[in-house]
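To keep things clear, I will list the structure first and then write my remarks on it.
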Amino acid sequence: MTSPSPATATSTRRWVILASSLLAAMATTCLASGVAFLIPRLHQDGMSLPAASVLASAPMVGMVATTLLWGWALDRVGERTILVLSLSLTVAATVATTAASALHAPAWALWIGLFAAGAVAASTNGASGRIVVGWFPAHQRGTAMGIRQMAQPLGVGVTGLTVPVLAQRFGTTAGFVVFVVVAVVALVATVLWIVDPPHPDSPTESGGTNPYRRGSFLVRVHAVSVLLVIPQVALWTFVPAWLIIARHWPPLQVGIAVTATQVVAALGRIVAGRWSDAWGSRMRPIRIIAAAATLLMAALAATDAINSPVAVLVMVAASIVVVADNGLAFTAIAEYAGPAWSGRGLAIQNTSQYIASAASVPLIAAVIDGHGYAWAYALCALPPLIGLALVPRDPR
């Protein structure tokens with residue numbers, strides 16, 4: 001099938017493809033972050049906070065294991081084929097995990113199921129990101145990628161509104177059903193509307209050669225993204241438990257608060273993308289985001305330490321800011337790497353972030369278990385401060 005160029009493709013078609021790409025990425029986000037909303041129910045059923053956190057990190061560990069392989073395949077096969085295969089396997093894996101939960105399988109069996117689900121879902125971030133870069137011209141790319149990156153906060157919001165309430169009322173199995181439903185919707189949208197973007201018949205100089213040999217730009221972007229993902233994963237994973245266990249909020253109220261926060265955070269990603277398009281820079285907004293993340297995580301630690309109700313408002317602000325950089329980094333990597341290397345470049349980006357996320361979750365849980373949430377939030381202010389010094393200049 002021959003794809004029209006971005007210049008000749010209708011605006012409606014591009015936006016439909018973008019919306020379908022967002023749904024595909026949401027399937028992965030719901031897995032990566034949604035299990036965290038089961039932590040309060042698992043804790044209530046007798047599982048320790050560190051053990052429940054290890055279970056919540058299983059999808060990320062699976063993504064770490066396979067994202068590079070998916071990226072390599074993406075550069076060779078194309079976006080639509082990879083997405084259909086990945087989402088079909090994701091549906092199968094989430095159904096199997098839900099069935100295991102219904103049969104009261106032990107925690108290790110659920111961990112394996114979630115690991116497998118993460119492993120097969122790992123292609124969606126890179127594939128959907130490449131679709132956006134391929135279908136939108138440069139002056140719209142930051143905004144379009146900001147919309148695609150809404151998948152992360154919206155995925156957190158969807159699971160936040162549904163998983164803790166269903167788990168509290170009907171048990172953990174009901175929470176797992178949400179992951180199945182999102183994966184099925186994403187698969188249907190992909191089959192119906194996703195079309196591979198046009199790629200040049202011969203690679204450009206920037207796309208055909210190894211971009212990692214041209215300078216340190218990509219390595220520094222990866223490093224900054226790894227550092228900035230730590231406060232993200234801390235808030236996504238532990239805010240529900242913080243509100244329910246430490247501040248005694250009811251699950252429904254927590255779900256509404258988290259969902260509302262993530263909706264605003266999703267809009268913040270669009271603003272950041274539009275900002276980068278207007279400035280003609282992906283890196284300048286990232287510097288501002290890193291500085292703001294440092295200040296807000298420190299403020300969250302301080303207000304929580306004195307048990308101030310203001311801490312909840314600071315948490316909302318921090319949750320909005322810490323996710324705003326992802327779309328900018330994705331766009332910069334895909335643009336710099338070119339079509340022949342963007343699959344691998346985005347795979348390295350995702351893998352490094354998954355490793356940081358999977359490793360930091362149990363460490364943060366241990367700090368919370370031993371010293372409380374305020375200390376954990378304070379420690380999470382350090383990575384964006386370090387990242388601020390590493391943000392590279394925009395390539396010419």
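Following the order of the structure tokens, first chain is A, next is B, and so on, with residues numbered from 1 inside each chain and ligands from 1 in the order they appear.
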Could you name the residues that touch segment 49-54 of chain A at 12 Å or less, counting only C-alpha atoms, but leaving out those on the same chain fewer than 5 positions away, as a ChimeraX atom specification?
/A:32-44,59-61,107-108,110-112,114-115,233-234,236-238,241-242,245,357-370
Do a neighbour search on Val133 of chain A at 7 Å with only C-alpha atoms, toss out local chain neighbours closer than 4 positions, and write the hits as a list in words.
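These residues fall inside the cut-off: Gly129, Arg141 and Ala334 of chain A.
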Would you mind telling me which residue in A:Leu218, A:Ile289, A:Ala92, A:Leu187 lies nearest to Arg344 of chain A when using only C-alpha atoms?
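Result for the nearest residue to Arg344 of chain A: A:Leu218.
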Write out as a list of chain:residue names the residues lying within 8 Å of Leu252 of chain A, counting only C-alpha atoms and excluding same-chain residues fewer than 4 positions away.
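Here the qualifying residues turn out to be A:Leu161, A:Pro164, A:Val165, A:Ile256.
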Backbone DSSP call of alpha helix (DSSP H) for segment 195-371 of chain A, listed as a ChimeraX atom specification:
/A:205-208,217-241,251-279,283-305,310-321,326-337,342-371
Can you pull out every residue within 9 Å of Ile194 of chain A, counting only C-alpha atoms, but drop anything in the same chain fewer than 4 positions away, and send it as a PyMOL selection string?
chain A and resi 16-18+20-21+79-80+83+131+189-190
Residues just named, written with N, CA, C and O atoms as an mmCIF file, in the first residue's frame:
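Generated output (selection-v1.cif):
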```cif
data_model
loop_
_atom_site.group_PDB
_atom_site.id
_atom_site.type_symbol
_atom_site.label_atom_id
_atom_site.label_comp_id
_atom_site.auth_asym_id
_atom_site.auth_seq_id
_atom_site.Cartn_x
_atom_site.Cartn_y
_atom_site.Cartn_z
ATOM 1 N N VAL A 16 -6.560 11.441 12.703
ATOM 2 C CA VAL A 16 -7.117 10.125 13.039
ATOM 3 C C VAL A 16 -5.989 9.137 13.340
ATOM 4 O O VAL A 16 -6.056 8.355 14.290
ATOM 5 N N ILE A 17 -4.947 9.174 12.525
ATOM 6 C CA ILE A 17 -3.789 8.311 12.770
ATOM 7 C C ILE A 17 -3.136 8.669 14.105
ATOM 8 O O ILE A 17 -2.739 7.783 14.879
ATOM 9 N N LEU A 18 -3.038 9.958 14.393
ATOM 10 C CA LEU A 18 -2.472 10.397 15.667
ATOM 11 C C LEU A 18 -3.304 9.883 16.847
ATOM 12 O O LEU A 18 -2.755 9.389 17.838
ATOM 13 N N SER A 20 -5.223 7.248 16.942
ATOM 14 C CA SER A 20 -5.030 5.802 17.044
ATOM 15 C C SER A 20 -3.677 5.478 17.666
ATOM 16 O O SER A 20 -3.554 4.538 18.456
ATOM 17 N N SER A 21 -2.654 6.261 17.319
ATOM 18 C CA SER A 21 -1.336 6.071 17.914
ATOM 19 C C SER A 21 -1.372 6.333 19.419
ATOM 20 O O SER A 21 -0.726 5.634 20.207
ATOM 21 N N GLU A 79 5.699 0.346 11.031
ATOM 22 C CA GLU A 79 4.941 0.636 12.237
ATOM 23 C C GLU A 79 3.658 -0.189 12.368
ATOM 24 O O GLU A 79 3.377 -0.768 13.420
ATOM 25 N N ARG A 80 2.855 -0.238 11.312
ATOM 26 C CA ARG A 80 1.552 -0.900 11.413
ATOM 27 C C ARG A 80 1.700 -2.377 11.756
ATOM 28 O O ARG A 80 1.015 -2.885 12.656
ATOM 29 N N LEU A 83 2.767 -2.820 15.378
ATOM 30 C CA LEU A 83 1.713 -2.473 16.333
ATOM 31 C C LEU A 83 0.623 -3.550 16.391
ATOM 32 O O LEU A 83 0.149 -3.905 17.477
ATOM 33 N N ILE A 131 5.326 7.155 14.001
ATOM 34 C CA ILE A 131 4.186 7.506 13.158
ATOM 35 C C ILE A 131 3.937 9.010 13.192
ATOM 36 O O ILE A 131 3.703 9.648 12.157
ATOM 37 N N ALA A 189 -8.486 0.024 17.033
ATOM 38 C CA ALA A 189 -8.161 1.307 16.394
ATOM 39 C C ALA A 189 -6.969 1.170 15.454
ATOM 40 O O ALA A 189 -6.954 1.762 14.359
ATOM 41 N N THR A 190 -5.969 0.387 15.866
ATOM 42 C CA THR A 190 -4.785 0.188 15.026
ATOM 43 C C THR A 190 -5.140 -0.517 13.731
ATOM 44 O O THR A 190 -4.720 -0.111 12.637
#
```
